[in-house]
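The block underneath contains the structure these notes are about, expressed in structure tokens.
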Amino acid sequence: MAEKAYTEMFKPIKIGSLELKNRLAMAPVTTNFTQAGYPNEEFIAFLAARARGGIGLHVTPPAVNLFPGSPTHVLFPVLSEKAHLPAWNEVVETIHAFGAKAFGQVLVGGVGRQTAPGAVSKAPSAVPVIRVPPENVPKKAKAYEKRKGLPSLWERYKDLPPPIVLTIEEIQWIEDAYAHTSQLMKECGFDGAELHFAHGYLGDNFLSPRTNLRTDEYGGSLENRTRVFRNAINKTREKVGHSFVLGVRLTGNEHVLGGTTPEDACRIAKIGEEEGLDYIHLTAGCWESVKWYVPEEDNTMLPEAELMKDAVEIPVITPAIHSPANVEKAIKEGKTDMVSFCRPLIADPEWVNKVEAGEEKSIRKCIRCIGCLQRTRRALGLRCEVNREVGQER
Ligand SMILES: Cc1cc2nc3c(=O)[nH]c(=O)nc-3n(C[C@H](O)[C@H](O)[C@H](O)COP(=O)(O)O)c2cc1C
Ligand code: SF4
């Protein structure tokens with residue numbers, strides 16, 4: 001029998017006390033497949049196809065706890081009340097039915113400095129998005145807009161009004177909201193929760209010295225900037241106990257002057273580990289450095305992953321590696337414990353099964369046009385330029 005080309009990525013791994021069948025995960029992806037705030041059939045069928053594709057772990061699209069009175073659109077799937085449990089239980093049961101574990105991403109939504117243009121949002125400090133530098137926009141994204149005859153998405157984020165500064169009471173509500181949604185996740189059968197502290201959204205706004213200019217106990221020193229992070233972890237642990245897996249999505253490098261550096265990120269991850277986290281799911285960039293968030297080539301987040309692996313003992317998950325050979329190499333060389341996939345599994349939900357069966361050549365490759373992200377940022381349902389079945393899976 002021929003030897004398997006790739007073995008490392010198919011080895012089981014433990015996160016907390018939970019064993020995963022392999023080291024390959026679906027990364028969270030906002031789909032806009034919802035109805036009145038509930039995950040709809042498109043949502044569940046989209047996730048089912050990815051779970052069926054052989055991944056060991058599915059980190060779901062964000063389950064959102066909406067900030068009161070938030071001026072946001074209605075496309076978020078919410079999880080903040082018992083009434084939302086049956087819909088999310090359906091999501092979990094579906095993922096489990098295909099042999100993958102399910103972690104839910106927790107996002108406190110409709111708040112933070114990257115909310116939709118036209119809305120006045122609230123954030124730790126009044127630091128608006130003023131401009132997305134053209135050199136930070138992926139080249140293929142501009143080509144996509146030209147091909148489709150679309151106005152530039154990036155221009156829409158020019159001169160956003162400064163966010164309103166959050167009060168202490170509102171910040172405490174946010175900490176509780178992370179814990180409350182995580183508790184609901186446990187109730188509806190998830191194996192773990194992933195707190196969203198990443199890529200320029202609300203949680204990350206507190207961590208970054210660029211976007212958190214507060215002078216109270218929530219700003220200034222690293223200890224103060226990580227206060228929401230630490231309180232959210234602790235309040236969540238109080239609600240879910242220690243056997244439920246708890247991780248965070250964390251920016252390894254903001255790639256903007258004055259923002260979070262890889263060294264800062266390692267310190268934050270270490271603090272998180274000491275507070276009881278079970279894993280770190282890396283990401284990079286933010287809206288102003290979007291080409292680092294959805295990179296144009298493989299391995300761009302590996303330098304941060306390597307540093308992070310030295311800083312913490314808990315598993316590190318790294319996205320943005322599309323080629324099977326690069327995935328195998330990164331895991332084999334110990335640069336990351338697991339790899340997560342967003343665009344590769346949008347383009348081909350069978351990526352993992354195909355690699356395992358030695359059918360790598362038949363993978364339908366993502367062309368990194370970010371048409372998917374362009375659509376969701378324009379409040380449209382997720383679609384893919386190379387996979388016409390996205391959104392039609394059911
Ligand atoms: C359409 C789209 C939606 C995304 N939505 C989320 C999200 O809701 N939460 C999150 O943490 N990351 C989100 N991401 C980032 C991905 O999880 C991932 O980190 C990024 O796409 C890079 O990995 P990839 O090269 O495997 O796509 C999104 C990415 C895309 C393309
Ligand atoms: S997943 Fe599809 S739409 Fe998104 S970047 Fe890849 S090819 Fe383009």
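Residues are referred to by chain and number: the chain letter is A, B, ... according to the order shown in the structure tokens, the number counts from 1 in that chain, and ligands are numbered separately from 1 in the order shown.
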**Study point:** DSSP alpha helix (DSSP H) selection over region 309-360 of chain A, as JSON, numbers by chain
**Key:** {"A": [309, 310, 311, 324, 325, 326, 327, 328, 329, 330, 331, 332, 343, 344, 345, 346, 347, 351, 352, 353, 354, 355, 356]}
Review point. So which residues touch region 359-374 of chain A within 6 Å, counting only C-alpha atoms, skipping near sequence neighbours fewer than 4 positions away, as a list in words?
Key: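 Using only C-alpha atoms, the neighbours found are Lys140, Ala141, Pro344, Ala347, Asp348, Lys354, Val355, Leu382, Arg383 and Cys384 of chain A.
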At most 7 Å is the cut-off: for each residue in chain A with any atom that close to an atom of ligand 1, write down the nearest atom pair and the distance in Å rounded to one decimal, counting only C-alpha atoms and all ligand atoms, chain first then increasing number, as JSON lines.
```
{"residue": "A:Ala27", "atom": "CA", "partner": "ligand 1", "partner_atom_place_in_ligand_line": "17 (O)", "distance": 4.4}
{"residue": "A:Pro28", "atom": "CA", "partner": "ligand 1", "partner_atom_place_in_ligand_line": "17 (O)", "distance": 4.5}
{"residue": "A:Val29", "atom": "CA", "partner": "ligand 1", "partner_atom_place_in_ligand_line": "5 (N)", "distance": 3.5}
{"residue": "A:Thr30", "atom": "CA", "partner": "ligand 1", "partner_atom_place_in_ligand_line": "8 (O)", "distance": 4.0}
{"residue": "A:Thr31", "atom": "CA", "partner": "ligand 1", "partner_atom_place_in_ligand_line": "3 (C)", "distance": 6.7}
{"residue": "A:Pro61", "atom": "CA", "partner": "ligand 1", "partner_atom_place_in_ligand_line": "8 (O)", "distance": 5.3}
{"residue": "A:Pro62", "atom": "CA", "partner": "ligand 1", "partner_atom_place_in_ligand_line": "8 (O)", "distance": 5.4}
{"residue": "A:His196", "atom": "CA", "partner": "ligand 1", "partner_atom_place_in_ligand_line": "11 (O)", "distance": 6.5}
{"residue": "A:Ala198", "atom": "CA", "partner": "ligand 1", "partner_atom_place_in_ligand_line": "11 (O)", "distance": 6.6}
{"residue": "A:Arg249", "atom": "CA", "partner": "ligand 1", "partner_atom_place_in_ligand_line": "11 (O)", "distance": 6.2}
{"residue": "A:Thr283", "atom": "CA", "partner": "ligand 1", "partner_atom_place_in_ligand_line": "19 (O)", "distance": 5.4}
{"residue": "A:Tyr293", "atom": "CA", "partner": "ligand 1", "partner_atom_place_in_ligand_line": "20 (C)", "distance": 5.9}
{"residue": "A:Val294", "atom": "CA", "partner": "ligand 1", "partner_atom_place_in_ligand_line": "22 (C)", "distance": 4.6}
{"residue": "A:Pro295", "atom": "CA", "partner": "ligand 1", "partner_atom_place_in_ligand_line": "25 (O)", "distance": 6.2}
{"residue": "A:Pro319", "atom": "CA", "partner": "ligand 1", "partner_atom_place_in_ligand_line": "23 (O)", "distance": 4.5}
{"residue": "A:Ala320", "atom": "CA", "partner": "ligand 1", "partner_atom_place_in_ligand_line": "25 (O)", "distance": 3.2}
{"residue": "A:Ile321", "atom": "CA", "partner": "ligand 1", "partner_atom_place_in_ligand_line": "25 (O)", "distance": 5.9}
{"residue": "A:His322", "atom": "CA", "partner": "ligand 1", "partner_atom_place_in_ligand_line": "26 (O)", "distance": 6.5}
{"residue": "A:Ser340", "atom": "CA", "partner": "ligand 1", "partner_atom_place_in_ligand_line": "26 (O)", "distance": 6.2}
{"residue": "A:Phe341", "atom": "CA", "partner": "ligand 1", "partner_atom_place_in_ligand_line": "26 (O)", "distance": 3.7}
{"residue": "A:Cys342", "atom": "CA", "partner": "ligand 1", "partner_atom_place_in_ligand_line": "26 (O)", "distance": 3.8}
{"residue": "A:Arg343", "atom": "CA", "partner": "ligand 1", "partner_atom_place_in_ligand_line": "27 (O)", "distance": 3.8}
{"residue": "A:Pro344", "atom": "CA", "partner": "ligand 1", "partner_atom_place_in_ligand_line": "26 (O)", "distance": 5.8}
{"residue": "A:Ile370", "atom": "CA", "partner": "ligand 1", "partner_atom_place_in_ligand_line": "31 (C)", "distance": 6.1}
{"residue": "A:Cys372", "atom": "CA", "partner": "ligand 1", "partner_atom_place_in_ligand_line": "1 (C)", "distance": 4.6}
{"residue": "A:Leu373", "atom": "CA", "partner": "ligand 1", "partner_atom_place_in_ligand_line": "1 (C)", "distance": 3.6}
{"residue": "A:Thr376", "atom": "CA", "partner": "ligand 1", "partner_atom_place_in_ligand_line": "1 (C)", "distance": 6.1}
{"residue": "A:Leu382", "atom": "CA", "partner": "ligand 1", "partner_atom_place_in_ligand_line": "1 (C)", "distance": 6.7}
```
**Study point:** Who sits within 12 Å of Pro77 (chain A), only C-alpha atoms, same chain under 6 positions skipped, as a PyMOL selection string
**Key:** chain A and resi 29-40+43-44+60-66+84-85+87-88+91+104-109
Check your understanding: Contacts of Arg131 (chain A) at 10 Å or less, counting only C-alpha atoms, minus same-chain residues fewer than 5 places along, as a PyMOL selection string?
Key -> chain A and resi 154-160+287-288
Exercise for review: Give me, please, the distance in Å between CA of Asn299 (chain A) and CA of Ala51 (chain A), quoted to one decimal.
Suggested key: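 The value is 24.0 Å.
Here the question is which of A:Leu207, A:Leu222, A:Val386, A:Ala126 gets nearest to Gly259 (chain A) using only C-alpha atoms, and that residue is A:Leu207.
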Check your understanding: Between A:Glu145, A:Glu328, A:Glu333, A:Asp176, which is the closest to ligand 2 once you count only C-alpha atoms and all ligand atoms?
Key -> A:Glu145
Review point. Which of these residues is nearest to Gly381 (chain A), using only C-alpha atoms: A:Phe98, A:Trp351, A:Phe76, A:Tyr178?
Key: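 Comparing A:Phe98, A:Trp351, A:Phe76, A:Tyr178 against Gly381 (chain A), the winner is A:Phe76.
Between CA of Leu57 (chain A) and CA of Ile15 (chain A) the separation is 10.5 Å.
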Check your understanding: Of the candidates A:Asp191, A:Glu135, A:Glu169, A:Glu273, which shows the shortest atom-to-atom distance to Ile95 (chain A), using only C-alpha atoms?
Key ->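 Closest to Ile95 (chain A) of all the choices is A:Asp191.
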Practice item. Please provide as a ChimeraX atom specification all residues within 12 Å of region 329-332 of chain A, with the sequence filter that same-chain residues fewer than 2 positions apart are discarded (counting only C-alpha atoms). Key: /A:5-11,13,22-24,298-303,305-306,309,315-327,334-340
Practice item. Determine which residues of region 35-264 of chain A receive a DSSP assignment of strand (DSSP E or B), computed from the backbone, and state them as a PyMOL selection string. Key: chain A and resi 35+38-39+57-59+63-66+78+101-109+122-123+164-165+192-197+245-251
For the selection just defined, write its residues with C-alpha atoms to a file, as a short mmCIF file (atom, residue, chain, number, x, y, z; two decimals), in the first residue's frame.
```cif
data_model
loop_
_atom_site.label_atom_id
_atom_site.label_comp_id
_atom_site.auth_asym_id
_atom_site.auth_seq_id
_atom_site.Cartn_x
_atom_site.Cartn_y
_atom_site.Cartn_z
CA GLN A 35 -34.03 34.80 9.49
CA TYR A 38 -32.16 32.88 13.96
CA PRO A 39 -29.80 30.55 12.05
CA LEU A 57 -13.45 20.86 14.78
CA HIS A 58 -16.02 23.35 13.59
CA VAL A 59 -15.75 26.82 15.10
CA ALA A 63 -23.40 33.61 17.90
CA VAL A 64 -24.10 37.21 18.74
CA ASN A 65 -25.15 38.93 21.92
CA LEU A 66 -26.39 42.27 20.62
CA VAL A 78 -28.16 35.85 17.92
CA LYS A 101 -16.68 18.79 17.57
CA ALA A 102 -18.43 22.15 17.78
CA PHE A 103 -17.15 25.35 19.37
CA GLY A 104 -19.33 28.44 19.11
CA GLN A 105 -17.75 31.80 18.51
CA VAL A 106 -19.11 34.43 20.92
CA LEU A 107 -19.36 37.98 19.59
CA VAL A 108 -20.78 40.94 21.46
CA GLY A 109 -22.14 42.62 18.38
CA LYS A 122 -19.82 52.81 20.82
CA ALA A 123 -16.25 51.74 21.56
CA ILE A 164 -19.22 57.19 21.48
CA VAL A 165 -17.10 56.21 24.48
CA GLY A 192 -16.68 24.78 23.73
CA ALA A 193 -16.88 28.55 23.27
CA GLU A 194 -14.48 30.91 21.51
CA LEU A 195 -14.57 34.50 22.78
CA HIS A 196 -14.09 37.02 19.96
CA PHE A 197 -11.22 39.42 20.83
CA VAL A 245 -13.56 24.19 26.51
CA LEU A 246 -12.89 27.92 26.46
CA GLY A 247 -10.69 29.67 23.89
CA VAL A 248 -10.24 33.07 22.31
CA ARG A 249 -9.82 34.47 18.83
CA LEU A 250 -6.85 36.81 19.20
CA THR A 251 -4.98 39.18 16.88
#
```
